[in-house]
Amino acid sequence: MELIQNSPGITADQLGVRLGVSERAARRYVGILREAGIPVDSVRGPYGGYRVGRGLRLPPLMFGSTEALGLVMAVLDGHHDASDPASLVGSALSKIMRALPEPVAAQAEAVRRATAPAPDRAAARPDPETTTVLVHACSNHRQVRLGYRSEAGSDWITEVDPWAVVVRHGRWYLLCWSHGPGERRAYRIDRVRAVELLAAGFDPPVGLDPVAMLEEHLAVGWEYSVEVLVDAPFGTIASRVPRSLGRLEPAGPATSRLTGTTSNPWWYAEQLAALPAAFRIVSGPEVGHAARTLGERLLAAAEPAA
């Protein structure tokens with residue numbers, strides 16, 4: 001549709017080249033547009049081709065910033081309130097539906113009404129308006145004042161340099177420099193109770209890689225320390241070890257050393273068990289105990305029935 005609108009007189013052969021399909025497939029696509037109620041005229045001859053017919057009027061889509069971010073959030077973490085016209089995502093989706101040709105919109109609306117998605121119960125979706133302010137602050141390098149509530153229920157206020165908003169496993173984090181403790185922090189955005197945009201600016205770290213930095217941050221500072229020797233060269237195993245497990249470095253030509261911390265030794269042991277190489281827990285009795293118990297459980301599961 002966009003190609004025909006922008007290039008009146010484009011031929012089926014040219015459409016096929018642009019779309020990477022055969023001329024016959026391009027003609028079939030034009031037929032699908034016509035079946036959907038979109039007027040596409042064709043003119044024969046050396047100066048002919050396809051062009052949009054008279055009567056096509058696509059209404060403009062006017063999204064607010066929170067609606068637009070709501071749609072992006074829906075794509076990123078599987079938000080499932082699209083069936084509710086009163087929600088941000090539902091409101092934005094309704095505008096898209098009104099812009100579609102009637103036959104297409106009718107089918108899409110039927111799916112929208114009939115679909116009953118299963119929500120991701122592990123996800124923690126933040127308030128879109130709060131997220132909008134934080135994304136704006138990150139983009140414009142403006143400090144913010146946060147009202148925050150921890151997992152334990154403690155409330156405090158802090159001023160931060162917001163570096164980036166990062167989505168990880170269905171949870172939204174604000175990676176930032178917190179002025180109170182004078183440290184790099186990653187705050188869960190769903191726990192932000194209030195946000196105020198401040199006048200002061202800041203300079204983000206040079207060469208910032210938000211995802212890598214968040215993964216490294218989430219791997220340190222937890223209750224239980226662990227050191228693991230992996231029987232694989234660093235270059236071979238590096239891409240298979242999640243950054244959330246800690247720091248991986250060469251320990252020799254054929255071995256690598258993993259050091260990290262965790263608040264959940266059982267989870268850490270399960271992640272180690274998924275590595276495609278043999279390993280040995282050098283230190284970290286809590287993770288060692290969890291790995292031993294997990295191993296015994298797996299061995300028992302493999303025993304033939306009596």
# chains A, B, ... in the order shown; residues from 1 in each chain; ligands from 1
$ residues_around --residues "Met1 of chain A" --least-positions-apart "2" --cutoff "12 Å" --atoms "only C-alpha atoms" --output "list in words"
Leu3, Ile4, Gln5, Asn6, Ser7, Pro8, Ile10, Leu15, Leu19, Ala26, Tyr29, Val30, Gly31, Ile32, Leu33, Arg34, Ala36, Ile38, Pro39, Val40, Tyr50, Arg51, Val52, Gly53, Leu56 and Leu58 of chain A
$ write_last_selection --atoms "N, CA, C and O atoms" --output "compact mmCIF listing (two decimals), in the first residue's frame"
# COMPACT_ATOMS: atom_id res chain seq x y z
N LEU A 3 3.97 1.50 -1.02
CA LEU A 3 4.69 1.61 -2.29
C LEU A 3 3.78 2.19 -3.38
O LEU A 3 4.21 3.03 -4.17
N ILE A 4 2.53 1.75 -3.43
CA ILE A 4 1.61 2.26 -4.44
C ILE A 4 1.28 3.73 -4.18
O ILE A 4 1.19 4.53 -5.11
N GLN A 5 1.10 4.09 -2.91
CA GLN A 5 0.81 5.49 -2.59
C GLN A 5 1.97 6.41 -2.97
O GLN A 5 1.77 7.49 -3.52
N ASN A 6 3.20 5.96 -2.67
CA ASN A 6 4.36 6.82 -2.88
C ASN A 6 4.89 6.78 -4.30
O ASN A 6 5.66 7.66 -4.69
N SER A 7 4.50 5.76 -5.09
CA SER A 7 5.01 5.63 -6.45
C SER A 7 3.85 5.34 -7.41
O SER A 7 3.70 4.21 -7.90
N PRO A 8 2.98 6.32 -7.67
CA PRO A 8 1.87 6.10 -8.60
C PRO A 8 2.40 5.63 -9.96
O PRO A 8 3.37 6.18 -10.48
N ILE A 10 3.46 2.48 -10.41
CA ILE A 10 4.38 1.37 -10.20
C ILE A 10 3.77 0.09 -10.78
O ILE A 10 2.57 -0.14 -10.68
N LEU A 15 6.82 -3.79 -8.18
CA LEU A 15 6.38 -4.13 -6.83
C LEU A 15 7.05 -5.41 -6.36
O LEU A 15 7.50 -5.49 -5.21
N LEU A 19 9.43 -5.76 -3.09
CA LEU A 19 8.97 -6.61 -1.99
C LEU A 19 9.75 -7.91 -1.89
O LEU A 19 9.59 -8.66 -0.92
N ALA A 26 3.02 -10.31 -6.37
CA ALA A 26 2.70 -8.90 -6.23
C ALA A 26 1.28 -8.62 -6.70
O ALA A 26 0.54 -7.85 -6.08
N TYR A 29 -1.09 -9.71 -4.07
CA TYR A 29 -1.15 -8.75 -2.96
C TYR A 29 -2.07 -7.59 -3.30
O TYR A 29 -2.82 -7.10 -2.45
N VAL A 30 -2.00 -7.13 -4.53
CA VAL A 30 -2.88 -6.03 -4.95
C VAL A 30 -4.34 -6.49 -4.86
O VAL A 30 -5.23 -5.74 -4.43
N GLY A 31 -4.57 -7.74 -5.24
CA GLY A 31 -5.93 -8.29 -5.12
C GLY A 31 -6.41 -8.32 -3.68
O GLY A 31 -7.59 -8.05 -3.40
N ILE A 32 -5.52 -8.62 -2.73
CA ILE A 32 -5.88 -8.64 -1.32
C ILE A 32 -6.27 -7.24 -0.85
O ILE A 32 -7.23 -7.06 -0.09
N LEU A 33 -5.52 -6.21 -1.31
CA LEU A 33 -5.87 -4.83 -0.97
C LEU A 33 -7.28 -4.50 -1.47
O LEU A 33 -8.08 -3.88 -0.77
N ARG A 34 -7.57 -4.90 -2.69
CA ARG A 34 -8.89 -4.61 -3.25
C ARG A 34 -9.99 -5.33 -2.47
O ARG A 34 -11.05 -4.76 -2.23
N ALA A 36 -9.98 -5.97 0.56
CA ALA A 36 -10.13 -5.28 1.85
C ALA A 36 -10.83 -3.94 1.70
O ALA A 36 -10.99 -3.21 2.69
N ILE A 38 -9.84 -1.39 -0.33
CA ILE A 38 -8.96 -0.28 -0.69
C ILE A 38 -8.95 -0.13 -2.21
O ILE A 38 -8.60 -1.08 -2.92
N PRO A 39 -9.37 1.04 -2.74
CA PRO A 39 -9.41 1.21 -4.20
C PRO A 39 -8.02 1.33 -4.79
O PRO A 39 -7.27 2.26 -4.50
N VAL A 40 -7.63 0.35 -5.60
CA VAL A 40 -6.36 0.39 -6.32
C VAL A 40 -6.68 0.27 -7.81
O VAL A 40 -7.23 -0.74 -8.25
N TYR A 50 -0.03 0.66 -11.24
CA TYR A 50 -0.99 0.78 -10.15
C TYR A 50 -0.93 2.17 -9.53
O TYR A 50 0.13 2.79 -9.42
N ARG A 51 -2.11 2.63 -9.10
CA ARG A 51 -2.18 3.86 -8.33
C ARG A 51 -3.42 3.78 -7.43
O ARG A 51 -4.35 3.01 -7.72
N VAL A 52 -3.36 4.53 -6.34
CA VAL A 52 -4.49 4.53 -5.40
C VAL A 52 -5.66 5.25 -6.05
O VAL A 52 -5.51 6.34 -6.62
N GLY A 53 -6.85 4.62 -5.99
CA GLY A 53 -8.02 5.19 -6.61
C GLY A 53 -8.63 6.32 -5.80
O GLY A 53 -8.23 6.59 -4.66
N LEU A 56 -10.14 7.08 -1.34
CA LEU A 56 -9.41 6.57 -0.18
C LEU A 56 -9.07 7.72 0.74
O LEU A 56 -8.38 8.66 0.36
N LEU A 58 -7.68 7.95 4.54
CA LEU A 58 -7.24 7.37 5.81
C LEU A 58 -7.17 8.47 6.86
O LEU A 58 -6.42 9.45 6.69
$ residues_around --residues "His289 of chain A" --least-positions-apart "3" --cutoff "9 Å" --atoms "only C-alpha atoms" --output "ChimeraX atom specification"
/A:265-266,269,284-286,292-294
$ atom_distance --atom1 "atom CA of Tyr173 of chain A" --atom2 "atom CA of Val135 of chain A"
11.1 Å
$ residues_around --residues "segment 201-217 of chain A" --least-positions-apart "4" --cutoff "7 Å" --atoms "only C-alpha atoms" --output "PyMOL selection string"
chain A and resi 141-143+161+163-164+166+175+186+243-244+246
$ write_last_selection --atoms "N, CA and C atoms" --output "mmCIF file, in the first residue's frame"
data_model
loop_
_atom_site.group_PDB
_atom_site.id
_atom_site.type_symbol
_atom_site.label_atom_id
_atom_site.label_comp_id
_atom_site.auth_asym_id
_atom_site.auth_seq_id
_atom_site.Cartn_x
_atom_site.Cartn_y
_atom_site.Cartn_z
ATOM 1 N N HIS A 141 18.401 14.266 29.413
ATOM 2 C CA HIS A 141 19.466 14.370 30.420
ATOM 3 C C HIS A 141 19.074 15.346 31.537
ATOM 4 N N ARG A 142 17.885 15.098 32.108
ATOM 5 C CA ARG A 142 17.382 15.925 33.203
ATOM 6 C C ARG A 142 17.293 15.084 34.468
ATOM 7 N N GLN A 143 17.740 15.647 35.583
ATOM 8 C CA GLN A 143 17.625 14.954 36.855
ATOM 9 C C GLN A 143 16.163 14.852 37.273
ATOM 10 N N ASP A 161 20.304 10.837 38.521
ATOM 11 C CA ASP A 161 20.569 11.096 37.102
ATOM 12 C C ASP A 161 20.038 9.885 36.336
ATOM 13 N N TRP A 163 19.816 7.435 33.600
ATOM 14 C CA TRP A 163 20.623 7.102 32.424
ATOM 15 C C TRP A 163 19.804 6.397 31.347
ATOM 16 N N ALA A 164 18.996 5.416 31.751
ATOM 17 C CA ALA A 164 18.259 4.648 30.749
ATOM 18 C C ALA A 164 17.133 3.864 31.414
ATOM 19 N N VAL A 166 15.325 0.280 31.067
ATOM 20 C CA VAL A 166 15.668 -1.031 30.503
ATOM 21 C C VAL A 166 14.592 -2.033 30.904
ATOM 22 N N LEU A 175 17.896 2.631 35.216
ATOM 23 C CA LEU A 175 19.330 2.590 35.505
ATOM 24 C C LEU A 175 19.776 4.029 35.717
ATOM 25 N N ALA A 186 19.757 0.568 40.189
ATOM 26 C CA ALA A 186 18.724 0.146 39.239
ATOM 27 C C ALA A 186 17.431 0.044 40.031
ATOM 28 N N ARG A 243 24.954 -12.546 32.039
ATOM 29 C CA ARG A 243 25.660 -11.548 32.854
ATOM 30 C C ARG A 243 25.103 -11.486 34.274
ATOM 31 N N SER A 244 23.836 -11.884 34.430
ATOM 32 C CA SER A 244 23.222 -11.830 35.759
ATOM 33 C C SER A 244 23.859 -12.805 36.734
ATOM 34 N N GLY A 246 27.156 -13.059 37.143
ATOM 35 C CA GLY A 246 28.357 -12.439 37.686
ATOM 36 C C GLY A 246 29.400 -12.174 36.623
#
$ closest_residue --among "A:His136, A:Arg247, A:Arg44, A:Arg125" --to "Asp190 of chain A" --atoms "only C-alpha atoms"
A:Arg125
$ select_by_dssp --residues "segment 119-244 of chain A" --states "strand (DSSP E)" --output "VMD selection string"
chain A and resid 142 to 149 155 to 168 171 to 178 183 to 188 192 to 201 224 to 230
$ atom_distance --atom1 "atom CA of Ser263 of chain A" --atom2 "atom CA of Arg185 of chain A"
17.0 Å
$ atom_distance --atom1 "atom CA of Arg280 of chain A" --atom2 "atom CA of Leu229 of chain A"
5.2 Å
$ residues_around --residues "Val192 of chain A" --least-positions-apart "6" --cutoff "10 Å" --atoms "only C-alpha atoms" --output "PyMOL selection string"
chain A and resi 126-127+130-131+146-150+155+157+174
$ write_last_selection --atoms "all heavy atoms" --output "short mmCIF file (atom, residue, chain, number, x, y, z; two decimals), in the first residue's frame"
data_model
loop_
_atom_site.label_atom_id
_atom_site.label_comp_id
_atom_site.auth_asym_id
_atom_site.auth_seq_id
_atom_site.Cartn_x
_atom_site.Cartn_y
_atom_site.Cartn_z
N PRO A 126 4.84 -1.10 35.02
CA PRO A 126 4.79 0.20 35.70
C PRO A 126 3.68 1.08 35.14
O PRO A 126 3.08 0.77 34.11
CB PRO A 126 6.17 0.80 35.39
CG PRO A 126 6.53 0.22 34.06
CD PRO A 126 5.95 -1.17 34.05
N ASP A 127 3.44 2.17 35.83
CA ASP A 127 2.47 3.16 35.37
C ASP A 127 3.00 3.85 34.11
O ASP A 127 4.12 4.37 34.13
CB ASP A 127 2.23 4.18 36.47
CG ASP A 127 1.33 5.31 36.00
OD1 ASP A 127 0.22 5.02 35.53
OD2 ASP A 127 1.75 6.48 36.10
N THR A 130 4.19 7.53 34.65
CA THR A 130 5.49 7.59 35.34
C THR A 130 6.62 7.24 34.38
O THR A 130 7.66 7.91 34.33
CB THR A 130 5.50 6.62 36.53
OG1 THR A 130 4.51 7.00 37.47
CG2 THR A 130 6.87 6.59 37.21
N THR A 131 6.41 6.20 33.58
CA THR A 131 7.43 5.77 32.63
C THR A 131 7.68 6.84 31.58
O THR A 131 8.83 7.06 31.17
CB THR A 131 7.01 4.46 31.95
OG1 THR A 131 6.60 3.52 32.95
CG2 THR A 131 8.16 3.86 31.15
N LEU A 146 12.67 11.07 42.86
CA LEU A 146 11.82 9.89 42.93
C LEU A 146 11.28 9.68 44.33
O LEU A 146 12.01 9.83 45.32
CB LEU A 146 12.59 8.63 42.53
CG LEU A 146 13.23 8.56 41.13
CD1 LEU A 146 13.95 7.23 40.98
CD2 LEU A 146 12.19 8.74 40.06
N GLY A 147 10.01 9.31 44.42
CA GLY A 147 9.45 8.73 45.63
C GLY A 147 9.41 7.24 45.42
O GLY A 147 8.76 6.76 44.47
N TYR A 148 10.08 6.45 46.25
CA TYR A 148 10.29 5.03 45.96
C TYR A 148 9.89 4.19 47.16
O TYR A 148 10.06 4.60 48.33
CB TYR A 148 11.77 4.79 45.64
CG TYR A 148 12.06 3.45 45.01
CD1 TYR A 148 11.81 3.23 43.67
CD2 TYR A 148 12.58 2.40 45.76
CE1 TYR A 148 12.07 2.00 43.07
CE2 TYR A 148 12.86 1.18 45.19
CZ TYR A 148 12.60 0.98 43.84
OH TYR A 148 12.87 -0.23 43.26
N ARG A 149 9.35 3.01 46.87
CA ARG A 149 9.01 2.04 47.92
C ARG A 149 9.74 0.74 47.63
O ARG A 149 9.59 0.16 46.55
CB ARG A 149 7.51 1.79 47.98
CG ARG A 149 7.10 0.72 49.00
CD ARG A 149 5.61 0.66 49.16
NE ARG A 149 5.10 1.91 49.73
CZ ARG A 149 3.81 2.22 49.79
NH1 ARG A 149 2.91 1.39 49.31
NH2 ARG A 149 3.44 3.37 50.33
N SER A 150 10.51 0.26 48.57
CA SER A 150 11.29 -0.96 48.37
C SER A 150 10.40 -2.19 48.49
O SER A 150 9.23 -2.12 48.88
CB SER A 150 12.41 -1.05 49.40
OG SER A 150 11.88 -1.29 50.69
N ASP A 155 9.81 3.41 52.44
CA ASP A 155 9.63 4.53 51.51
C ASP A 155 10.74 5.54 51.69
O ASP A 155 11.16 5.82 52.83
CB ASP A 155 8.27 5.21 51.75
CG ASP A 155 7.10 4.33 51.37
OD1 ASP A 155 6.80 4.24 50.17
OD2 ASP A 155 6.49 3.72 52.28
N ILE A 157 12.77 9.18 49.46
CA ILE A 157 12.85 10.10 48.33
C ILE A 157 14.32 10.28 47.97
O ILE A 157 15.17 10.44 48.87
CB ILE A 157 12.21 11.46 48.68
CG1 ILE A 157 10.71 11.28 48.94
CG2 ILE A 157 12.43 12.46 47.55
CD1 ILE A 157 10.01 12.55 49.41
N LEU A 174 14.89 1.51 36.01
CA LEU A 174 15.55 2.79 35.74
C LEU A 174 17.00 2.64 36.18
O LEU A 174 17.30 2.52 37.37
CB LEU A 174 14.89 3.94 36.50
CG LEU A 174 15.57 5.29 36.33
CD1 LEU A 174 15.43 5.80 34.90
CD2 LEU A 174 15.04 6.32 37.31
#
$ residues_around --residues "Val282 of chain A" --least-positions-apart "4" --cutoff "10 Å" --atoms "only C-alpha atoms" --output "list in words"
Val226, Glu227, Val228, Leu229, Arg257, Leu258, Thr259 and Gly288 of chain A
$ residues_around --residues "segment 231-236 of chain A" --least-positions-apart "4" --cutoff "9 Å" --atoms "only C-alpha atoms" --output "list in words"
Arg240, Leu248, Glu249, Pro250, Ala251, Gly252, Pro253, Ala254, Thr255, Ser256, Arg257, Ala277, Ala278, Phe279 and Arg280 of chain A
$ write_last_selection --atoms "N, CA, C and O atoms" --output "PDB file, in the first residue's frame"
ATOM      1  N   ARG A 240      27.448 -18.067  26.609  1.00  0.00           N
ATOM      2  CA  ARG A 240      26.452 -18.964  27.208  1.00  0.00           C
ATOM      3  C   ARG A 240      26.237 -18.689  28.685  1.00  0.00           C
ATOM      4  O   ARG A 240      25.386 -19.337  29.314  1.00  0.00           O
ATOM      5  N   LEU A 248      32.593 -13.161  34.408  1.00  0.00           N
ATOM      6  CA  LEU A 248      33.307 -14.305  33.855  1.00  0.00           C
ATOM      7  C   LEU A 248      34.632 -13.818  33.284  1.00  0.00           C
ATOM      8  O   LEU A 248      34.682 -12.798  32.586  1.00  0.00           O
ATOM      9  N   GLU A 249      35.715 -14.562  33.563  1.00  0.00           N
ATOM     10  CA  GLU A 249      37.034 -14.181  33.070  1.00  0.00           C
ATOM     11  C   GLU A 249      37.865 -15.439  32.810  1.00  0.00           C
ATOM     12  O   GLU A 249      37.578 -16.508  33.375  1.00  0.00           O
ATOM     13  N   PRO A 250      38.874 -15.337  31.962  1.00  0.00           N
ATOM     14  CA  PRO A 250      39.729 -16.507  31.710  1.00  0.00           C
ATOM     15  C   PRO A 250      40.479 -16.910  32.978  1.00  0.00           C
ATOM     16  O   PRO A 250      40.951 -16.061  33.734  1.00  0.00           O
ATOM     17  N   ALA A 251      40.573 -18.222  33.202  1.00  0.00           N
ATOM     18  CA  ALA A 251      41.345 -18.737  34.331  1.00  0.00           C
ATOM     19  C   ALA A 251      42.478 -19.614  33.846  1.00  0.00           C
ATOM     20  O   ALA A 251      43.254 -20.140  34.643  1.00  0.00           O
ATOM     21  N   GLY A 252      42.615 -19.775  32.561  1.00  0.00           N
ATOM     22  CA  GLY A 252      43.636 -20.614  31.951  1.00  0.00           C
ATOM     23  C   GLY A 252      43.255 -20.875  30.510  1.00  0.00           C
ATOM     24  O   GLY A 252      42.192 -20.443  30.051  1.00  0.00           O
ATOM     25  N   PRO A 253      44.082 -21.592  29.775  1.00  0.00           N
ATOM     26  CA  PRO A 253      43.779 -21.841  28.366  1.00  0.00           C
ATOM     27  C   PRO A 253      42.462 -22.579  28.147  1.00  0.00           C
ATOM     28  O   PRO A 253      41.793 -22.363  27.135  1.00  0.00           O
ATOM     29  N   ALA A 254      42.087 -23.448  29.092  1.00  0.00           N
ATOM     30  CA  ALA A 254      40.894 -24.276  28.896  1.00  0.00           C
ATOM     31  C   ALA A 254      39.857 -24.099  29.995  1.00  0.00           C
ATOM     32  O   ALA A 254      38.889 -24.862  30.066  1.00  0.00           O
ATOM     33  N   THR A 255      40.035 -23.111  30.864  1.00  0.00           N
ATOM     34  CA  THR A 255      39.084 -22.910  31.959  1.00  0.00           C
ATOM     35  C   THR A 255      38.709 -21.439  32.080  1.00  0.00           C
ATOM     36  O   THR A 255      39.436 -20.554  31.636  1.00  0.00           O
ATOM     37  N   SER A 256      37.560 -21.200  32.726  1.00  0.00           N
ATOM     38  CA  SER A 256      37.073 -19.841  32.969  1.00  0.00           C
ATOM     39  C   SER A 256      36.612 -19.750  34.416  1.00  0.00           C
ATOM     40  O   SER A 256      36.186 -20.746  35.015  1.00  0.00           O
ATOM     41  N   ARG A 257      36.707 -18.533  34.981  1.00  0.00           N
ATOM     42  CA  ARG A 257      36.299 -18.323  36.377  1.00  0.00           C
ATOM     43  C   ARG A 257      35.077 -17.404  36.410  1.00  0.00           C
ATOM     44  O   ARG A 257      35.059 -16.330  35.807  1.00  0.00           O
ATOM     45  N   ALA A 277      28.823 -27.116  29.984  1.00  0.00           N
ATOM     46  CA  ALA A 277      30.201 -27.522  30.304  1.00  0.00           C
ATOM     47  C   ALA A 277      30.243 -27.944  31.765  1.00  0.00           C
ATOM     48  O   ALA A 277      29.409 -27.530  32.581  1.00  0.00           O
ATOM     49  N   ALA A 278      31.221 -28.769  32.095  1.00  0.00           N
ATOM     50  CA  ALA A 278      31.413 -29.165  33.485  1.00  0.00           C
ATOM     51  C   ALA A 278      31.920 -27.973  34.286  1.00  0.00           C
ATOM     52  O   ALA A 278      32.577 -27.076  33.758  1.00  0.00           O
ATOM     53  N   PHE A 279      31.601 -27.954  35.579  1.00  0.00           N
ATOM     54  CA  PHE A 279      32.041 -26.848  36.431  1.00  0.00           C
ATOM     55  C   PHE A 279      32.251 -27.355  37.854  1.00  0.00           C
ATOM     56  O   PHE A 279      31.765 -28.435  38.226  1.00  0.00           O
ATOM     57  N   ARG A 280      32.959 -26.552  38.632  1.00  0.00           N
ATOM     58  CA  ARG A 280      33.208 -26.886  40.037  1.00  0.00           C
ATOM     59  C   ARG A 280      33.041 -25.628  40.872  1.00  0.00           C
ATOM     60  O   ARG A 280      33.592 -24.570  40.543  1.00  0.00           O
TER      61      ARG A 280
END
$ closest_residue --among "A:Cys138, A:Arg145, A:Pro304, A:Asp13" --to "Arg193 of chain A" --atoms "only C-alpha atoms"
A:Arg145
